[in-house]
Every structure is written in C-alpha cells, then in structure tokens.
$ cat data-v3.txt   # compact mmCIF, C-alpha atoms
# COMPACT_ATOMS: atom_id res chain seq x y z
CA MET A 1 -3.39 41.45 -3.98
CA THR A 2 0.15 41.22 -4.98
CA SER A 3 1.57 37.94 -4.59
CA LYS A 4 4.77 37.87 -2.80
CA THR A 5 7.17 35.22 -2.77
CA ILE A 6 7.39 33.95 0.71
CA LYS A 7 10.72 32.49 1.49
CA ARG A 8 10.62 29.85 3.98
CA GLY A 9 13.68 29.31 6.01
CA THR A 10 15.23 26.02 6.37
CA PRO A 11 13.56 24.31 9.26
CA ARG A 12 15.79 24.07 12.30
CA ARG A 13 16.67 20.69 13.41
CA PRO A 14 16.00 19.98 17.04
CA VAL A 15 19.11 20.38 19.12
CA GLN A 16 20.05 17.14 20.68
CA GLN A 17 21.32 17.45 24.25
CA LYS A 18 24.65 15.91 24.97
CA ARG A 19 24.56 12.90 27.15
CA ARG A 20 26.26 13.40 30.45
CA LYS A 21 28.75 10.81 31.40
CA ALA A 22 27.95 8.91 34.53
CA PRO A 23 30.16 10.11 37.40
CA LYS A 24 32.95 7.79 38.33
CA VAL A 25 32.49 6.01 41.66
CA SER A 26 35.59 5.98 43.81
CA ILE A 27 36.79 2.94 45.68
CA ILE A 28 36.03 4.62 49.02
CA ASP A 29 32.45 5.31 47.89
CA ARG A 30 32.06 1.70 46.85
CA ILE A 31 33.34 0.54 50.23
CA ILE A 32 30.94 2.90 52.03
CA ALA A 33 28.06 1.69 49.87
CA ALA A 34 28.89 -1.89 50.73
CA LEU A 35 28.81 -1.24 54.48
CA PRO A 36 25.66 -2.37 56.30
CA VAL A 37 25.12 1.10 57.79
CA SER A 38 23.52 4.23 56.51
CA GLU A 39 25.36 7.29 55.31
CA ALA A 40 23.98 9.28 58.23
CA THR A 41 25.43 6.78 60.70
CA LEU A 42 28.81 6.98 59.02
CA THR A 43 28.67 10.74 59.28
CA ARG A 44 28.02 10.57 63.01
CA ILE A 45 30.87 8.11 63.49
CA ALA A 46 33.25 10.38 61.62
CA THR A 47 32.12 13.37 63.67
CA TRP A 48 32.66 11.62 67.01
CA THR A 49 36.04 10.35 65.84
CA ILE A 50 37.15 13.89 65.12
CA VAL A 51 35.82 15.02 68.50
CA ALA A 52 37.69 12.21 70.26
CA ILE A 53 40.94 13.13 68.54
CA VAL A 54 40.55 16.76 69.54
CA CYS A 55 39.70 15.81 73.15
CA GLY A 56 42.68 13.46 73.29
CA GLY A 57 44.97 16.24 72.20
CA VAL A 58 43.54 18.58 74.81
CA LEU A 59 43.93 15.88 77.51
CA ALA A 60 47.54 15.25 76.50
CA MET A 61 48.24 18.94 76.75
CA GLY A 62 46.58 19.01 80.18
CA VAL A 63 48.71 16.11 81.43
CA TRP A 64 51.81 17.92 80.21
CA MET A 65 50.73 21.03 82.11
CA GLY A 66 49.79 19.09 85.30
CA ILE A 67 46.11 19.91 85.21
CA PRO A 68 44.75 16.34 85.87
CA GLY A 69 46.89 16.01 89.02
CA ALA A 70 45.45 19.21 90.40
CA VAL A 71 41.92 18.19 89.45
CA GLY A 72 42.44 14.70 90.94
CA THR A 73 43.74 16.15 94.18
CA ALA A 74 40.76 18.47 94.43
CA VAL A 75 38.35 15.61 93.76
CA GLY A 76 40.15 13.42 96.33
CA GLU A 77 39.97 16.13 98.96
CA GLY A 78 36.30 16.56 98.21
CA ILE A 79 35.72 12.84 98.78
CA GLY A 80 37.69 13.12 102.02
CA GLU A 81 35.49 16.00 103.20
CA ALA A 82 32.50 13.77 102.52
CA GLY A 83 33.69 11.37 105.25
CA PHE A 84 36.15 9.13 103.38
CA ARG A 85 39.17 10.15 105.43
CA VAL A 86 41.67 8.14 107.50
CA ASN A 87 40.59 8.29 111.12
CA ASN A 88 41.72 4.81 112.23
CA VAL A 89 44.74 2.58 111.60
CA GLN A 90 44.32 -1.14 112.30
CA ILE A 91 47.64 -3.00 112.73
CA THR A 92 48.13 -6.77 112.78
CA GLY A 93 51.18 -9.06 112.88
CA LEU A 94 53.24 -7.19 115.48
CA ALA A 95 55.13 -9.21 118.09
CA ARG A 96 58.19 -7.14 118.93
CA MET A 97 57.94 -3.74 117.24
CA ASP A 98 56.40 -0.68 118.84
CA GLN A 99 52.86 -0.14 117.56
CA ASN A 100 53.14 3.64 117.83
CA THR A 101 56.00 3.59 115.31
CA ILE A 102 53.77 1.85 112.78
CA TYR A 103 50.98 4.36 113.42
CA LYS A 104 53.34 7.25 112.78
CA ILE A 105 54.63 5.84 109.49
CA ALA A 106 51.13 4.95 108.25
CA LEU A 107 49.85 8.46 108.93
CA GLU A 108 52.77 10.22 107.21
CA GLN A 109 50.66 11.17 104.19
CA PRO A 110 50.42 14.39 102.14
CA SER A 111 46.68 14.04 102.64
CA LEU A 112 44.56 11.70 104.76
CA ALA A 113 41.73 11.70 102.22
CA MET A 114 41.22 8.01 101.39
CA PRO A 115 41.64 8.35 97.58
CA LEU A 116 44.94 10.21 98.04
CA VAL A 117 46.66 7.73 100.40
CA ASP A 118 49.53 6.07 98.50
CA LEU A 119 49.41 2.45 99.67
CA GLU A 120 52.56 1.26 97.90
CA LYS A 121 54.73 4.11 99.15
CA THR A 122 53.44 3.50 102.68
CA ARG A 123 54.44 -0.16 102.40
CA GLU A 124 57.90 0.79 101.12
CA ARG A 125 58.44 3.19 104.04
CA LEU A 126 57.46 0.50 106.54
CA VAL A 127 59.83 -2.11 105.07
CA ALA A 128 62.70 0.39 104.92
CA HIS A 129 62.17 1.58 108.49
CA SER A 130 63.32 -1.50 110.41
CA GLY A 131 65.01 -4.84 109.87
CA TRP A 132 62.22 -6.41 111.92
CA ILE A 133 59.76 -5.81 109.06
CA GLU A 134 60.24 -8.47 106.40
CA ASP A 135 57.15 -7.34 104.48
CA ALA A 136 53.98 -5.30 104.90
CA HIS A 137 50.56 -5.07 103.27
CA VAL A 138 48.57 -1.83 103.34
CA SER A 139 44.95 -1.52 102.24
CA ARG A 140 41.84 0.64 102.71
CA ARG A 141 38.66 -0.30 104.51
CA LEU A 142 36.08 2.32 103.68
CA PRO A 143 35.04 4.73 104.89
CA ASP A 144 37.84 5.69 107.30
CA THR A 145 40.22 2.82 108.21
CA LEU A 146 43.70 1.99 106.98
CA LEU A 147 44.66 -1.68 107.39
CA VAL A 148 48.37 -2.45 107.98
CA GLN A 149 49.51 -6.08 108.14
CA ILE A 150 53.12 -6.57 109.26
CA VAL A 151 55.27 -9.67 108.62
CA GLU A 152 58.04 -9.68 111.24
CA ARG A 153 61.35 -11.50 110.97
CA THR A 154 62.29 -14.09 113.59
CA PRO A 155 65.60 -13.78 115.48
CA ALA A 156 67.98 -16.59 114.50
CA ALA A 157 71.22 -15.73 116.28
CA VAL A 158 73.12 -13.15 118.33
CA TRP A 159 75.93 -11.37 116.49
CA GLN A 160 78.92 -10.09 118.44
CA ASN A 161 81.12 -7.58 116.66
CA LYS A 162 83.56 -5.05 118.14
CA GLY A 163 82.15 -5.72 121.59
CA GLN A 164 78.55 -5.04 120.58
CA LEU A 165 75.76 -7.62 120.64
CA ALA A 166 72.77 -7.62 118.30
CA LEU A 167 69.95 -9.89 117.23
CA ILE A 168 70.05 -10.99 113.59
CA ALA A 169 67.57 -12.83 111.37
CA ALA A 170 68.22 -16.04 109.45
CA ASN A 171 69.42 -14.07 106.43
CA GLY A 172 71.76 -11.96 108.60
CA THR A 173 69.56 -8.84 108.73
CA TYR A 174 70.34 -6.65 111.74
CA LEU A 175 67.35 -6.48 114.08
CA GLU A 176 68.21 -4.70 117.32
CA PRO A 177 70.93 -4.42 120.00
CA VAL A 178 71.11 -6.91 122.88
CA GLN A 179 72.37 -6.27 126.39
CA PRO A 180 74.88 -8.80 127.77
CA ASP A 181 72.66 -9.47 130.78
CA ALA A 182 69.67 -10.22 128.54
CA MET A 183 71.18 -12.70 126.10
CA PRO A 184 68.48 -14.90 124.52
CA ASP A 185 68.95 -18.63 124.07
CA LEU A 186 70.22 -18.34 120.51
CA PRO A 187 73.47 -19.28 118.70
CA LEU A 188 76.27 -16.72 119.01
CA VAL A 189 78.27 -15.72 115.91
CA VAL A 190 81.35 -13.56 116.37
CA GLY A 191 83.42 -11.42 114.03
CA ASP A 192 83.30 -9.00 111.11
CA HIS A 193 80.67 -10.02 108.54
CA ALA A 194 79.69 -13.05 110.65
CA ASN A 195 76.06 -11.94 110.34
CA GLU A 196 76.31 -12.32 106.57
CA GLN A 197 77.29 -15.98 107.06
CA GLN A 198 74.29 -16.99 109.15
CA GLU A 199 72.85 -19.27 106.45
CA SER A 200 76.28 -20.88 105.99
CA TYR A 201 76.48 -21.43 109.75
CA ASP A 202 73.06 -23.08 109.86
CA HIS A 203 74.12 -25.38 107.00
CA LEU A 204 77.26 -26.28 108.93
CA LEU A 205 75.47 -27.24 112.15
CA ALA A 206 72.83 -29.18 110.21
CA ALA A 207 75.59 -31.51 109.02
CA ALA A 208 76.23 -32.72 112.59
CA PRO A 209 72.98 -32.32 114.56
CA ALA A 210 74.32 -34.29 117.54
CA LEU A 211 76.89 -31.53 118.19
CA ARG A 212 74.57 -28.60 117.61
CA PRO A 213 73.26 -28.35 121.22
CA GLN A 214 76.85 -28.29 122.50
CA VAL A 215 78.04 -25.39 120.33
CA LYS A 216 78.24 -22.21 122.39
CA ALA A 217 79.58 -19.80 119.78
CA ALA A 218 80.97 -19.64 116.25
CA ILE A 219 83.77 -17.24 115.32
CA TRP A 220 84.05 -16.15 111.68
CA VAL A 221 87.82 -15.94 111.14
CA GLY A 222 89.35 -13.74 108.44
CA ASN A 223 86.06 -13.63 106.56
CA ARG A 224 86.78 -17.14 105.28
CA ARG A 225 86.23 -19.93 107.86
CA TRP A 226 84.68 -20.91 111.22
CA ASN A 227 86.01 -21.71 114.69
CA LEU A 228 83.44 -23.41 116.91
CA THR A 229 83.47 -23.06 120.71
CA PHE A 230 81.68 -25.73 122.75
CA ASP A 231 79.93 -25.45 126.11
CA SER A 232 82.72 -27.51 127.66
CA GLY A 233 85.26 -24.85 126.62
CA GLU A 234 87.06 -26.45 123.65
CA THR A 235 87.56 -24.72 120.31
CA LEU A 236 87.36 -26.56 116.99
CA GLU A 237 89.11 -24.92 114.02
CA LEU A 238 87.46 -25.84 110.70
CA PRO A 239 88.77 -25.54 107.12
CA GLU A 240 87.64 -23.00 104.54
CA GLY A 241 84.61 -23.69 102.34
CA ASP A 242 81.12 -24.74 103.34
CA ASP A 243 81.44 -28.34 102.14
CA ALA A 244 84.93 -28.90 103.56
CA ALA A 245 83.89 -27.46 106.93
CA ALA A 246 80.77 -29.66 107.01
CA ARG A 247 82.79 -32.79 106.23
CA ALA A 248 85.34 -31.96 108.94
CA LEU A 249 82.59 -31.39 111.50
CA VAL A 250 80.99 -34.73 110.61
CA LYS A 251 84.34 -36.47 111.10
CA PHE A 252 84.79 -34.79 114.47
CA ALA A 253 81.27 -35.86 115.51
CA GLN A 254 82.03 -39.45 114.50
CA MET A 255 85.24 -39.51 116.52
CA ASP A 256 83.53 -37.93 119.52
CA GLY A 257 80.78 -40.54 119.23
CA VAL A 258 83.26 -43.43 119.19
CA GLN A 259 85.37 -42.05 122.02
CA PRO A 260 84.32 -38.79 123.71
CA LEU A 261 86.62 -35.85 123.05
CA LEU A 262 84.60 -32.99 124.52
CA GLY A 263 84.82 -32.41 128.25
CA LYS A 264 87.95 -34.54 128.59
CA GLY A 265 90.47 -31.82 129.36
CA TRP A 266 91.40 -30.81 125.82
CA VAL A 267 91.77 -27.10 125.07
CA GLY A 268 91.20 -27.19 121.34
CA PHE A 269 91.10 -29.19 118.14
CA ASP A 270 92.42 -28.20 114.73
CA MET A 271 90.89 -29.70 111.59
CA ARG A 272 92.01 -27.09 109.08
CA ASP A 273 93.80 -29.99 107.43
CA PRO A 274 90.88 -32.39 106.81
CA ALA A 275 93.28 -35.36 106.73
CA ARG A 276 94.12 -35.13 110.40
CA LEU A 277 92.92 -33.90 113.77
CA VAL A 278 95.33 -31.99 116.00
CA ALA A 279 94.44 -31.75 119.68
CA ARG A 280 95.92 -29.55 122.39
CA LYS A 281 95.91 -29.75 126.17
CA PRO A 282 96.55 -26.82 128.56
CA GLY A 283 100.08 -25.52 128.13
CA ASP A 284 100.59 -27.55 124.93
CA THR A 285 101.42 -25.35 121.94
CA ALA A 286 102.22 -28.03 119.36
CA GLY A 287 99.46 -30.49 120.13
CA GLY A 288 99.11 -34.12 119.11
CA ALA A 289 97.93 -35.38 115.73
CA LEU A 290 95.94 -38.43 114.70
CA PRO A 291 94.56 -39.18 111.19
CA THR A 292 90.80 -38.85 111.12
CA PRO A 293 88.59 -41.75 110.01
CA ALA A 294 86.76 -41.59 106.69
CA ILE A 295 83.14 -40.47 106.83
CA ALA A 296 80.70 -43.26 107.45
CA GLN A 297 83.53 -45.80 107.61
CA PRO A 298 82.66 -48.52 110.17
CA ALA A 299 85.05 -48.76 113.10
CA LYS A 300 87.44 -51.68 112.95
CA PRO A 301 87.43 -54.10 115.89
CA LYS A 302 90.30 -53.42 118.29
CA SER A 303 92.17 -55.69 120.62
CA ASN A 304 91.86 -55.15 124.34
CA ALA A 305 95.43 -53.79 124.50
CA THR A 306 94.75 -51.25 121.76
CA GLU A 307 91.53 -50.09 123.43
CA ALA A 308 93.35 -49.69 126.73
CA ARG A 309 96.04 -47.51 125.13
CA ALA A 310 93.40 -45.44 123.30
CA ALA A 311 91.46 -44.88 126.52
CA ALA A 312 94.58 -43.69 128.29
CA LEU A 313 95.70 -41.28 125.53
CA PRO A 314 93.42 -40.58 122.52
CA PHE A 315 96.13 -38.79 120.52
CA ALA A 316 99.87 -39.20 120.24
CA GLN A 317 101.54 -36.19 121.82
CA GLY A 318 103.89 -34.13 119.64
$ encode --input "data-v3.txt" --output "structure tokens"
Amino acid sequence: MTSKTIKRGTPRRPVQQKRRKAPKVSIIDRIIAALPVSEATLTRIATWTIVAIVCGGVLAMGVWMGIPGAVGTAVGEGIGEAGFRVNNVQITGLARMDQNTIYKIALEQPSLAMPLVDLEKTRERLVAHSGWIEDAHVSRRLPDTLLVQIVERTPAAVWQNKGQLALIAANGTYLEPVQPDAMPDLPLVVGDHANEQQESYDHLLAAAPALRPQVKAAIWVGNRRWNLTFDSGETLELPEGDDAAARALVKFAQMDGVQPLLGKGWVGFDMRDPARLVARKPGDTAGGALPTPAIAQPAKPKSNATEARAAALPFAQG
C-alpha cells in the first residue's frame, strides 16, 4: 500500500456573525411607549381621527352645496306630518290691537311644521307691524300650539299735526289716528315733531305739578320751544331749552300761587325772557311787564297800600 502524503488543509476558522446594531428609537416612539395605553388603542384612535377629518370635510362640502338645509327641511316636514304642526295660536297681552292681525302674522310661515317655525323672525315681524307692539315673545308648546305674548304700549298723549290727530306713546311712537269727536282725556301736543318731544314735555310739566291739570295743550314752536295753553284760555310762551323752560314754568306757578293769574282776563303771558313776565289783555299788543321773583324766594311782606294796588292791576301796562 503506497503511502501517500495527505495534505491537510488549513482548518477554517468559524465565521463570526456581525453584531447588528440596535435600532434607534425615535422620540415619537418613546412618547408612545410612555403613554398608559396600548399600541392597539392608539391605532384605533388614529383611525377614528382620520375618519372624523374625512367626515368633517364631506360635511363642509355639503353645507357649501346646501345639502343640510334640504335634509333639515325634509326631517322637519316629517316631524310635522307626525302631528307636530301648528294648529293653534294662543295670544296674550292684547288690549287694543285686533287679535286676527296677530293670528295672521304668526301663521305667515314657509311651513307650519313645528321644527321649521322661525320664532325670532315671527317676533320681528310682530314688532315691526304696529307701533302698539313694544315687544313680543313667541314660543312653542308641543305638539301643536304657538304661544304669542304681546307687550302693548300705553297712550301718553294726542298729537295734532297738519290737522290730523293721533295717539302717541310716551316715547313719541305713533299709535293710531284719533277722531275729533272721540278725543281721550290725554295731553295734547301740537306741531311738527311735537311727538318726538313727548318726554321733554313730561319733564316740563313735572316741574310744576300744580299747573299740570290746567294745561289743555302744548304747542311745539319752530322745533325749539313750547307754548302752553291753559283750560282758562291763556297761552304761556316759554324759553328754549328743557331746563330754562322748566325754571320759567316754576316761576309762573309761584306767581300764580301768590296772586292768581289764570282765569283773570289775561290773554297770554310771555316768559321767553326768563328775567321778566309780559302779560297781555284782549286788544293789547304790547302787554305789560313785571320782573319775576326768584325761584323759592319767600315773598316779602307788603303794606296794605301796595297789596291794594297789586290786586287792582297785577302788571304795569305798557
């Protein structure tokens, strides 16, 4: 047996596998890992968020195209067909207005299905319809009744302008015409824009309450001042300005209280100059003047001769 030289190869060294580097953990992953919820829960949340965003976009597009209004109208009509429809109107608060007018306005609706009745627009139509309506409240009482509560204005005076008579409220709002033979027992204001001065007129009369029952009418002159006419026929001309007119009226009331002026044959009195009172008798164009006393100034004692002269002729004749 021939011996052969057997060459042995160099033994192979075992191949060492390279160590894989640990994957880097992102900040977001760390935050997710720190949350007290599972990964599956986070996945569901993300899914529903995406769905919500998509649905929101679709809804926005539908609003732009008018789809919800059509759907809402259809749903409202369906509810109305189910019995929720206006069949009755209950009205409260009326004293002067015609109830049928309120019914008509309340039922002027694009649809009488309860969900589709616009309460605010109904209220606005009622208030705009008449000066009598100061305010209104409209509400639903299911299943089929509309509740309308009216707040009416109260007449405060009669306004005469260009031969026409009308009731007005305290703030000057026109209410309704008045016939001469049906005049209510209310103050009479006369002239252009006199209705707009109703609050000023009330302030004026409040300054001299003793004279208020004797005032028959008030004429608004030149859109700037008042002339008062009394039941006894005299006219009192007052100065411009609310405060000046009130002070002049108080002075006149004081003088009339000390020695009566009204019902004593005088035609008129002029206090446009607050420093003096000018009085006229029938046929007297110039009138007589006498300085007016200061407000709240106590009367000075007079001698018997002075009182006798004053009783005979209150004012020096000009």
$ residues_around --input "data-v3.txt" --residues "stretch 186-195 of chain A" --least-positions-apart "6" --cutoff "12 Å" --atoms "only C-alpha atoms" --output "JSON, numbers by chain"
{"A": [154, 155, 156, 157, 158, 159, 160, 161, 162, 163, 164, 165, 166, 167, 168, 169, 170, 171, 172, 173, 174, 175, 178, 180, 201, 202, 205, 212, 213, 214, 215, 216, 217, 218, 219, 220, 221, 222, 223, 224, 225, 226, 227, 228, 229, 230, 231]}
$ residues_around --input "data-v3.txt" --residues "A:Arg247" --least-positions-apart "3" --cutoff "9 Å" --atoms "all atoms listed in the file" --output "PyMOL selection string"
chain A and resi 204+207+242-244+250-252+274+295
$ write_last_selection --input "data-v3.txt" --atoms "C-alpha atoms" --output "PDB file, in the coordinates of the input"
ATOM      1  CA  LEU A 204      77.260 -26.280 108.930  1.00  0.00           C
ATOM      2  CA  ALA A 207      75.590 -31.510 109.020  1.00  0.00           C
ATOM      3  CA  ASP A 242      81.120 -24.740 103.340  1.00  0.00           C
ATOM      4  CA  ASP A 243      81.440 -28.340 102.140  1.00  0.00           C
ATOM      5  CA  ALA A 244      84.930 -28.900 103.560  1.00  0.00           C
ATOM      6  CA  VAL A 250      80.990 -34.730 110.610  1.00  0.00           C
ATOM      7  CA  LYS A 251      84.340 -36.470 111.100  1.00  0.00           C
ATOM      8  CA  PHE A 252      84.790 -34.790 114.470  1.00  0.00           C
ATOM      9  CA  PRO A 274      90.880 -32.390 106.810  1.00  0.00           C
ATOM     10  CA  ILE A 295      83.140 -40.470 106.830  1.00  0.00           C
TER      11      ILE A 295
END
$ closest_residue --input "data-v3.txt" --among "A:Arg96, A:Met183, A:Ser232, A:Ala246" --to "A:Pro209" --atoms "all atoms listed in the file"
A:Ala246
$ residues_near_point --input "data-v3.txt" --point "(60.0, 0.1, 111.0)" --cutoff "10 Å" --atoms "only C-alpha atoms" --output "list in words"
Met97, Asp98, Gln99, Thr101, Ile102, Lys104, Ile105, Arg125, Leu126, Val127, Ala128, His129, Ser130, Gly131, Trp132, Ile133, Glu134, Ile150 and Glu152 of chain A
$ atom_distance --input "data-v3.txt" --atom1 "atom CA of A:Leu277" --atom2 "atom CA of A:His203"
21.7 Å
$ atom_distance --input "data-v3.txt" --atom1 "atom CA of A:Ala136" --atom2 "atom CA of A:Ala182"
28.8 Å
$ atom_distance --input "data-v3.txt" --atom1 "atom CA of A:Glu176" --atom2 "atom CA of A:Thr122"
22.4 Å
$ residues_around --input "data-v3.txt" --residues "A:Arg85" --least-positions-apart "3" --cutoff "12 Å" --atoms "all atoms listed in the file" --output "ChimeraX atom specification"
/A:76-82,88-89,107,109,111-117,140-146
$ residues_around --input "data-v3.txt" --residues "A:Glu237" --least-positions-apart "2" --cutoff "8 Å" --atoms "all atoms listed in the file" --output "PyMOL selection string"
chain A and resi 226-228+235+239+268-272
